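Next comes target_20.pdb, with PDB, C-alpha atoms.
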ATOM      1  CA  MET W  72      95.104 125.671 111.203
ATOM      2  CA  ILE W  73      96.841 123.895 108.318
ATOM      3  CA  ARG W  74      95.970 124.868 104.750
ATOM      4  CA  MET W  75      97.049 122.275 102.169
ATOM      5  CA  LYS W  76      97.129 122.650  98.403
ATOM      6  CA  LEU W  77      96.835 119.515  96.277
ATOM      7  CA  GLN W  78      97.454 118.966  92.575
ATOM      8  CA  LEU W  79      97.350 115.563  90.927
ATOM      9  CA  GLU W  80      97.201 114.289  87.378
ATOM     10  CA  LEU W  81      96.392 110.780  86.188
ATOM     11  CA  GLU W  82      97.006 109.692  82.605
ATOM     12  CA  TYR W  83      95.721 106.567  80.848
ATOM     13  CA  ALA W  84      95.469 104.983  77.407
ATOM     14  CA  VAL W  85      92.136 103.163  77.241
ATOM     15  CA  GLY W  86      91.785 100.184  74.910
ATOM     16  CA  ASP W  87      88.741  99.069  72.954
ATOM     17  CA  PRO W  88      85.821  98.863  73.850
ATOM     18  CA  GLY W  89      86.440 101.238  76.769
ATOM     19  CA  ALA W  90      86.900 100.771  80.513
ATOM     20  CA  ASP W  91      85.234 101.476  83.850
ATOM     21  CA  PHE W  92      87.115 103.365  86.573
ATOM     22  CA  VAL W  93      86.580 103.855  90.300
ATOM     23  CA  PHE W  94      88.719 106.677  91.742
ATOM     24  CA  ASN W  95      89.442 107.744  95.329
ATOM     25  CA  ILE W  96      91.208 111.020  94.566
ATOM     26  CA  HIS W  97      88.888 113.647  96.059
ATOM     27  CA  ALA W  98      89.797 115.108  99.451
ATOM     28  CA  ALA W  99      87.424 113.776 102.087
ATOM     29  CA  GLN W 100      85.057 116.120 103.919
ATOM     30  CA  THR W 101      85.352 115.413 107.664
ATOM     31  CA  HIS W 102      84.717 117.137 110.985
ATOM     32  CA  CYS W 103      88.202 118.667 111.008
ATOM     33  CA  GLN W 104      89.056 118.595 107.276
ATOM     34  CA  THR W 105      87.248 121.124 105.098
ATOM     35  CA  VAL W 106      87.527 121.360 101.325
ATOM     36  CA  GLN W 107      87.549 125.091 100.567
ATOM     37  CA  ASP W 108      87.670 124.740  96.801
ATOM     38  CA  GLU W 109      88.375 122.041  94.250
ATOM     39  CA  ASN W 110      88.307 121.428  90.528
ATOM     40  CA  LEU W 111      88.294 118.272  88.407
ATOM     41  CA  ILE W 112      89.047 118.328  84.685
ATOM     42  CA  ILE W 113      88.505 115.158  82.617
ATOM     43  CA  SER W 114      89.824 115.060  79.085
ATOM     44  CA  GLN W 115      86.881 113.028  77.735
ATOM     45  CA  ASP W 116      83.342 114.400  77.562
ATOM     46  CA  ILE W 117      81.744 111.597  79.569
ATOM     47  CA  PRO W 118      79.253 111.377  82.455
ATOM     48  CA  THR W 119      80.607 110.856  85.979
ATOM     49  CA  HIS W 120      79.115 109.930  89.353
ATOM     50  CA  LEU W 121      80.547 111.095  92.688
ATOM     51  CA  HIS W 122      79.336 109.234  95.794
ATOM     52  CA  THR W 123      80.080 110.297  99.378
ATOM     53  CA  ASP W 124      80.224 107.667 102.133
ATOM     54  CA  PRO W 125      78.259 109.228 105.005
ATOM     55  CA  ALA W 126      80.252 107.317 107.649
ATOM     56  CA  THR W 127      83.790 108.226 106.535
ATOM     57  CA  GLY W 128      83.461 111.220 104.232
ATOM     58  CA  THR W 129      85.247 109.278 101.462
ATOM     59  CA  ARG W 130      84.193 110.493  98.025
ATOM     60  CA  CYS W 131      84.271 107.896  95.263
ATOM     61  CA  LEU W 132      84.273 108.916  91.593
ATOM     62  CA  ARG W 133      82.955 106.484  88.955
ATOM     63  CA  LEU W 134      83.090 106.819  85.191
ATOM     64  CA  HIS W 135      83.140 104.841  81.957
ATOM     65  CA  ALA W 136      85.893 105.983  79.595
ATOM     66  CA  GLU W 137      85.849 105.629  75.817
ATOM     67  CA  PRO W 138      88.831 104.141  73.932
ATOM     68  CA  GLY W 139      91.763 106.528  73.593
ATOM     69  CA  PRO W 140      93.656 108.875  75.919
ATOM     70  CA  LEU W 141      92.134 109.784  79.277
ATOM     71  CA  THR W 142      93.532 112.394  81.677
ATOM     72  CA  LEU W 143      92.171 113.509  85.040
ATOM     73  CA  ALA W 144      93.486 116.666  86.704
ATOM     74  CA  TYR W 145      92.305 117.366  90.259
ATOM     75  CA  THR W 146      93.187 120.396  92.368
ATOM     76  CA  ALA W 147      91.969 121.306  95.852
ATOM     77  CA  THR W 148      92.506 123.675  98.757
ATOM     78  CA  VAL W 149      91.873 121.904 102.060
ATOM     79  CA  ASP W 150      91.939 123.236 105.626
ATOM     80  CA  LEU W 151      92.903 120.944 108.513
ATOM     81  CA  ASN W 152      91.942 121.984 112.034
ATOM     82  CA  HIS W 153      93.031 118.896 113.972
ATOM     83  CA  HIS W 154      91.506 117.720 117.193
ATOM     84  CA  THR W 155      94.458 117.310 119.567
ATOM     85  CA  ALA W 156      94.644 115.431 122.856
ATOM     86  CA  ASP W 157      97.115 114.272 125.498
ATOM     87  CA  PRO W 158      97.991 110.651 124.568
ATOM     88  CA  ALA W 159      98.206 109.686 128.262
ATOM     89  CA  LEU W 160      94.500 110.453 128.698
ATOM     90  CA  ILE W 161      93.156 108.413 125.761
ATOM     91  CA  PRO W 162      91.893 104.910 126.656
ATOM     92  CA  GLU W 163      90.961 101.961 124.495
ATOM     93  CA  VAL W 164      87.296 101.078 124.056
ATOM     94  CA  GLY W 165      85.953  97.657 125.008
ATOM     95  CA  VAL W 166      84.394  95.689 122.176
ATOM     96  CA  ARG W 167      80.937  95.818 123.760
ATOM     97  CA  HIS W 168      81.063  99.634 123.824
ATOM     98  CA  LEU W 169      82.191 100.203 120.223
ATOM     99  CA  PRO W 170      79.861 102.202 117.942
ATOM    100  CA  ASP W 171      78.137 100.009 115.367
ATOM    101  CA  ASP W 172      80.057 101.474 112.415
ATOM    102  CA  VAL W 173      83.399 100.820 114.166
ATOM    103  CA  VAL W 174      82.905  97.113 114.981
ATOM    104  CA  GLY W 175      83.800  96.005 111.443
ATOM    105  CA  TYR W 176      87.332  97.304 111.909
ATOM    106  CA  ILE W 177      88.258  94.677 114.519
ATOM    107  CA  PHE W 178      87.733  91.778 112.074
ATOM    108  CA  PRO W 179      90.409  90.229 109.823
ATOM    109  CA  SER W 180      90.350  91.411 106.205
ATOM    110  CA  ARG W 181      92.007  90.417 102.950
ATOM    111  CA  TYR W 182      95.348  92.128 103.602
ATOM    112  CA  CYS W 183      95.181  92.322 107.402
ATOM    113  CA  GLN W 184      95.021  88.735 108.709
ATOM    114  CA  SER W 185      94.816  89.627 112.393
ATOM    115  CA  ASP W 186      93.727  86.085 113.287
ATOM    116  CA  ARG W 187      97.065  84.730 112.021
ATOM    117  CA  LEU W 188      99.072  87.274 114.030
ATOM    118  CA  ALA W 189      97.211  86.975 117.338
ATOM    119  CA  THR W 190      99.926  84.981 119.133
ATOM    120  CA  LEU W 191     102.578  87.537 118.175
ATOM    121  CA  ALA W 192     100.351  90.467 119.118
ATOM    122  CA  PHE W 193      99.484  89.165 122.580
ATOM    123  CA  ARG W 194     103.101  88.222 123.280
ATOM    124  CA  GLU W 195     104.430  91.637 122.338
ATOM    125  CA  PHE W 196     101.577  93.939 123.371
ATOM    126  CA  GLY W 197      99.072  92.018 125.505
ATOM    127  CA  HIS W 198     100.708  93.101 128.775
ATOM    128  CA  LEU W 199     100.772  96.836 127.958
ATOM    129  CA  TRP W 200      98.406  99.489 129.339
ATOM    130  CA  GLN W 201      95.283  99.547 127.204
ATOM    131  CA  GLY W 202      95.302 103.008 125.704
ATOM    132  CA  TYR W 203      96.941 105.262 123.135
ATOM    133  CA  SER W 204     100.405 104.247 124.285
ATOM    134  CA  ARG W 205      99.760 100.601 123.346
ATOM    135  CA  VAL W 206      98.816 101.621 119.801
ATOM    136  CA  GLN W 207     101.926 103.800 119.666
ATOM    137  CA  ALA W 208     103.979 100.792 120.820
ATOM    138  CA  ILE W 209     102.538  98.734 117.939
ATOM    139  CA  CYS W 210     103.325 101.567 115.510
ATOM    140  CA  ASP W 211     106.909 101.797 116.802
ATOM    141  CA  TRP W 212     107.352  98.008 116.670
ATOM    142  CA  VAL W 213     106.336  97.910 113.005
ATOM    143  CA  ARG W 214     108.620 100.829 112.167
ATOM    144  CA  ASN W 215     111.559  99.170 113.952
ATOM    145  CA  HIS W 216     111.046  95.706 112.439
ATOM    146  CA  VAL W 217     110.261  96.575 108.799
ATOM    147  CA  ALA W 218     112.572  98.374 106.378
ATOM    148  CA  PHE W 219     111.134 100.882 103.904
ATOM    149  CA  ARG W 220     112.217  99.982 100.401
ATOM    150  CA  SER W 221     110.525 100.840  97.101
ATOM    151  CA  ASN W 222     109.439  98.103  94.687
ATOM    152  CA  THR W 223     109.660  95.329  97.298
ATOM    153  CA  SER W 224     105.965  94.397  97.391
ATOM    154  CA  ASN W 225     103.020  94.082  95.026
ATOM    155  CA  SER W 226      99.229  94.166  95.011
ATOM    156  CA  THR W 227      99.003  90.758  96.717
ATOM    157  CA  THR W 228     101.396  91.454  99.608
ATOM    158  CA  SER W 229      99.620  91.033 102.952
ATOM    159  CA  ALA W 230     100.412  91.821 106.583
ATOM    160  CA  VAL W 231     101.659  88.274 107.122
ATOM    161  CA  ASP W 232     103.948  88.574 104.082
ATOM    162  CA  THR W 233     105.374  91.829 105.441
ATOM    163  CA  PHE W 234     105.932  90.290 108.880
ATOM    164  CA  VAL W 235     107.881  87.432 107.277
ATOM    165  CA  GLU W 236     109.862  89.488 104.758
ATOM    166  CA  ARG W 237     110.418  92.555 107.012
ATOM    167  CA  VAL W 238     110.454  94.966 104.068
ATOM    168  CA  GLY W 239     107.858  96.998 102.204
ATOM    169  CA  VAL W 240     106.323 100.365 101.332
ATOM    170  CA  CYS W 241     103.845 102.496 103.250
ATOM    171  CA  ARG W 242     100.796 100.301 102.538
ATOM    172  CA  ASP W 243     102.678  97.260 103.877
ATOM    173  CA  PHE W 244     103.592  99.075 107.110
ATOM    174  CA  ALA W 245      99.948 100.120 107.451
ATOM    175  CA  HIS W 246      98.592  96.615 106.866
ATOM    176  CA  LEU W 247     100.896  95.062 109.467
ATOM    177  CA  MET W 248     100.068  97.686 112.086
ATOM    178  CA  ILE W 249      96.332  97.334 111.415
ATOM    179  CA  ALA W 250      96.502  93.543 111.743
ATOM    180  CA  LEU W 251      98.398  93.738 115.043
ATOM    181  CA  CYS W 252      95.942  96.298 116.452
ATOM    182  CA  ARG W 253      92.937  94.201 115.500
ATOM    183  CA  ALA W 254      94.583  91.113 117.004
ATOM    184  CA  VAL W 255      94.358  92.780 120.438
ATOM    185  CA  ASN W 256      90.820  94.076 119.758
ATOM    186  CA  ILE W 257      91.740  97.645 118.819
ATOM    187  CA  PRO W 258      89.758  98.870 115.778
ATOM    188  CA  ALA W 259      92.101 100.044 113.031
ATOM    189  CA  ARG W 260      91.650 101.081 109.421
ATOM    190  CA  ILE W 261      93.759 102.234 106.497
ATOM    191  CA  ALA W 262      93.694 105.808 105.252
ATOM    192  CA  THR W 263      95.190 107.291 102.109
ATOM    193  CA  GLY W 264      96.578 110.728 101.425
ATOM    194  CA  THR W 265      99.838 112.178 100.142
ATOM    195  CA  ASP W 266     103.333 111.845 101.576
ATOM    196  CA  TYR W 267     103.812 115.492 102.569
ATOM    197  CA  GLY W 268     107.163 115.885 104.300
ATOM    198  CA  ALA W 269     108.723 112.727 102.882
ATOM    199  CA  ASP W 270     112.464 112.655 102.203
ATOM    200  CA  PRO W 271     113.023 113.547  98.505
ATOM    201  CA  ALA W 272     115.517 110.669  98.395
ATOM    202  CA  LEU W 273     112.540 108.302  98.491
ATOM    203  CA  GLY W 274     111.439 109.542  95.078
ATOM    204  CA  PRO W 275     108.886 112.004  93.676
ATOM    205  CA  PRO W 276     105.763 112.888  95.716
ATOM    206  CA  ASP W 277     103.329 110.001  95.919
ATOM    207  CA  PHE W 278     100.118 108.748  97.430
ATOM    208  CA  HIS W 279     100.580 107.637 101.039
ATOM    209  CA  ALA W 280      98.951 104.994 103.230
ATOM    210  CA  TYR W 281      98.713 105.416 106.992
ATOM    211  CA  VAL W 282      96.601 104.134 109.912
ATOM    212  CA  GLU W 283      93.692 105.416 111.955
ATOM    213  CA  ALA W 284      92.991 103.635 115.263
ATOM    214  CA  TYR W 285      89.774 104.059 117.236
ATOM    215  CA  LEU W 286      90.516 105.180 120.796
ATOM    216  CA  GLY W 287      88.464 107.093 123.355
ATOM    217  CA  ASP W 288      85.694 108.476 121.178
ATOM    218  CA  ARG W 289      87.288 108.991 117.755
ATOM    219  CA  TRP W 290      89.836 107.874 115.137
ATOM    220  CA  TYR W 291      93.458 108.958 115.739
ATOM    221  CA  LEU W 292      96.288 109.186 113.156
ATOM    222  CA  PHE W 293      99.406 106.994 113.097
ATOM    223  CA  ASP W 294     102.108 106.764 110.419
ATOM    224  CA  PRO W 295     103.945 103.443 110.913
ATOM    225  CA  SER W 296     106.313 103.976 107.970
ATOM    226  CA  GLY W 297     107.420 107.301 109.465
ATOM    227  CA  THR W 298     107.886 108.785 106.006
ATOM    228  CA  ALA W 299     105.390 111.667 106.203
ATOM    229  CA  ILE W 300     104.408 114.386 108.675
ATOM    230  CA  PRO W 301     101.041 113.317 110.149
ATOM    231  CA  MET W 302      99.862 116.902 110.614
ATOM    232  CA  GLY W 303     100.142 117.342 106.833
ATOM    233  CA  MET W 304      98.380 114.126 105.807
ATOM    234  CA  LEU W 305      95.397 115.254 103.752
ATOM    235  CA  ARG W 306      92.896 112.386 103.853
ATOM    236  CA  LEU W 307      91.426 110.990 100.663
ATOM    237  CA  ALA W 308      89.857 107.633 101.592
ATOM    238  CA  THR W 309      89.500 105.186 104.473
ATOM    239  CA  GLY W 310      88.663 101.467 104.539
ATOM    240  CA  ARG W 311      89.409  98.039 105.953
ATOM    241  CA  ASP W 312      92.600  97.699 103.890
ATOM    242  CA  ALA W 313      94.072  98.685 100.527
ATOM    243  CA  ALA W 314      91.342  96.861  98.612
ATOM    244  CA  ASP W 315      88.906  99.580  99.756
ATOM    245  CA  VAL W 316      91.018 102.670  99.133
ATOM    246  CA  ALA W 317      93.024 102.270  95.900
ATOM    247  CA  PHE W 318      93.323 105.648  94.172
ATOM    248  CA  ALA W 319      92.221 103.925  90.938
ATOM    249  CA  THR W 320      90.461 100.611  90.339
ATOM    250  CA  ILE W 321      90.207  99.748  86.653
ATOM    251  CA  PHE W 322      87.938  97.343  84.780
ATOM    252  CA  GLY W 323      89.143  96.939  81.188
ATOM    253  CA  SER W 324      92.234  97.131  78.992
ATOM    254  CA  VAL W 325      94.155 100.199  80.147
ATOM    255  CA  GLN W 326      97.763 101.374  80.156
ATOM    256  CA  SER W 327      98.670 103.931  82.817
ATOM    257  CA  GLN W 328     101.419 106.425  83.519
ATOM    258  CA  PRO W 329     102.781 107.124  87.029
ATOM    259  CA  PRO W 330     100.615 109.672  88.860
ATOM    260  CA  LYS W 331     101.894 113.225  89.078
ATOM    261  CA  ILE W 332     101.329 114.627  92.570
ATOM    262  CA  ARG W 333     102.139 117.870  94.301
ATOM    263  CA  ALA W 334     101.034 118.769  97.822
ATOM    264  CA  TRP W 335     102.221 121.782  99.790
ATOM    265  CA  ALA W 336     101.224 123.801 102.830
ATOM    266  CA  VAL W 337     100.427 127.517 102.907
ATOM    267  CA  GLN W 338     102.446 129.509 105.432
ATOM    268  CA  ASP W 339     100.594 132.689 106.377
ATOM    269  CA  PRO W 340     100.629 133.489 110.127
ATOM    270  CA  SER W 341      98.534 136.620 109.578
ATOM    271  CA  ARG W 342      95.674 134.384 108.449
ATOM    272  CA  GLY W 343      96.361 131.678 111.036
ATOM    273  CA  PHE W 344      97.961 129.159 108.654
ATOM    274  CA  GLN W 345     101.041 127.320 109.918
ATOM    275  CA  LEU W 346     103.264 124.654 108.399
ATOM    276  CA  PRO W 347     102.679 121.042 109.480
ATOM    277  CA  GLN W 348     105.166 119.782 112.049
ATOM    278  CA  HIS W 349     105.742 116.641 114.055
ATOM    279  CA  SER W 350     103.821 116.702 117.338
ATOM    280  CA  SER W 351     103.753 114.638 120.516
ATOM    281  CA  LEU W 352      99.992 115.206 120.777
ATOM    282  CA  ALA W 353      97.416 112.735 119.478
ATOM    283  CA  LEU W 354      95.852 114.005 116.238
ATOM    284  CA  SER W 355      92.451 113.339 114.699
ATOM    285  CA  THR W 356      90.466 114.800 111.800
ATOM    286  CA  ASP W 357      87.210 113.031 112.771
ATOM    287  CA  ALA W 358      84.256 113.936 114.946
ATOM    288  CA  PRO W 359      83.687 112.218 118.291
ATOM    289  CA  GLN W 360      81.374 109.209 118.239
ATOM    290  CA  SER W 361      79.149 107.855 120.971
ATOM    291  CA  SER W 362      78.852 104.206 121.913
ATOM    292  CA  GLY W 363      76.151 102.451 119.931
ATOM    293  CA  ALA W 364      76.354  98.885 121.196
ATOM    294  CA  SER W 365      74.970  97.016 124.168
ATOM    295  CA  PRO W 366      76.807  94.099 125.840
ATOM    296  CA  LEU W 367      74.935  91.243 124.179
ATOM    297  CA  MET W 368      77.851  89.098 123.019
ATOM    298  CA  SER W 369      80.730  87.304 124.671
ATOM    299  CA  GLY W 370      83.887  85.690 123.369
ATOM    300  CA  GLY W 371      86.048  86.673 120.442
ATOM    301  CA  HIS W 372      85.739  83.789 118.007
ATOM    302  CA  SER W 373      83.571  83.441 114.910
ATOM    303  CA  VAL W 374      81.100  80.635 114.334
ATOM    304  CA  MET W 375      80.158  79.892 110.720
ATOM    305  CA  ALA W 376      77.524  77.516 109.429
ATOM    306  CA  GLY W 377      78.434  75.034 106.739
TER     307      GLY W 377
END

Same coordinates, now as structure tokens:
Amino acid sequence: MIRMKLQLELEYAVGDPGADFVFNIHAAQTHCQTVQDENLIISQDIPTHLHTDPATGTRCLRLHAEPGPLTLAYTATVDLNHHTADPALIPEVGVRHLPDDVVGYIFPSRYCQSDRLATLAFREFGHLWQGYSRVQAICDWVRNHVAFRSNTSNSTTSAVDTFVERVGVCRDFAHLMIALCRAVNIPARIATGTDYGADPALGPPDFHAYVEAYLGDRWYLFDPSGTAIPMGMLRLATGRDAADVAFATIFGSVQSQPPKIRAWAVQDPSRGFQLPQHSSLALSTDAPQSSGASPLMSGGHSVMAG
């Protein structure tokens, strides 16, 4: 069992006539990730709405802020009891057998243009055994071909851009890996958390983007940037790409300060809590899913009217 403590603070100056915010800062509630306690303090006395996605456990906070300073302080205690499995025993799932809510993660998306990387993906990975090891090979390829460097990408950088420029931050590594997985029909999605275990030389603690790939009967964790310890990645949100999981989406005139983040693990063997460590086992924080599709379709191309 891993017990993680999370503290984060977001600070804004909201211009007239106010602004709308959508936040993905709450720890997700999943099959293997349990929020034991949490607290959110908002400096303005305003109404809020917290929505939970029943498919992913992502909790989305919405609010309208008045002009002036706005601060959010969120703290949580979260227990992670990972599902673990032998990677050699985890197969891929044929498209016709994918659960209905997984199918959408094999399509191209705004930042993950898998259709444009298909030739590369089949050349590099099409001949490999179709299972966990092929996804790990894609993860390793991205890590070996892209250099991690801060301030080298922006909000428009896509998987294709990262493939060309061979440099980026964690979200860029994630987008490229997701696109390559989808190009060989492996469902993949982006997940956000914190960079527990990252080298302090990379800067202060920060939000972190990683990958979940659907294999066997559930979503498994991969960290293509290699900057964090996967066993300590406390999940906040999941989606098709970064457009779905930004920690803050803002509508209005707002100035922001860098987020202040602290995440640490509780070490208490007497209570069964251990520190996260790198593992050769496959890790998942999701429940198993059963196949929900019948083999009604053939081919892999899209046909659009117009």

Write out as a PyMOL selection string the residues lying within 9 Å of segment 286-301 of chain W, counting all atoms listed in the file and excluding same-chain residues fewer than 5 positions away. chain W and resi 160-164+202-203+206-207+209-214+217-219+240-245+248+257-259+262+265-270+273+279-281+347-350+353-362

Expressed in Å to a single decimal, how great is the separation between atom CA of Glu236 of chain W and atom CA of Ala208 of chain W? 20.5 Å

Around the point (87.1, 91.9, 113.3) (coordinates from the file), which residues reach within 12 Å if we count all atoms listed in the file? Answer as a ChimeraX atom specification. /W:166,169,172-181,183-186,189,249-260,311,371-373

May I have the residues at most 6 Å from (88.3, 111.0, 94.5) in the file's coordinates, counting all atoms listed in the file, as a ChimeraX atom specification? /W:94-97,130-132

For this file, the PyMOL selection byres ((chain W and resi 326) around 7) selects which residues, as a ChimeraX atom specification? /W:83-85,325,327

Would you put the residues from that selection into a file with C-alpha atoms, as a PDB file, in the coordinates of the input?
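Writing the result to again-v2.pdb gives the following:
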ATOM      1  CA  TYR W  83      95.721 106.567  80.848  1.00  0.00           C
ATOM      2  CA  ALA W  84      95.469 104.983  77.407  1.00  0.00           C
ATOM      3  CA  VAL W  85      92.136 103.163  77.241  1.00  0.00           C
ATOM      4  CA  VAL W 325      94.155 100.199  80.147  1.00  0.00           C
ATOM      5  CA  SER W 327      98.670 103.931  82.817  1.00  0.00           C
TER       6      SER W 327
END
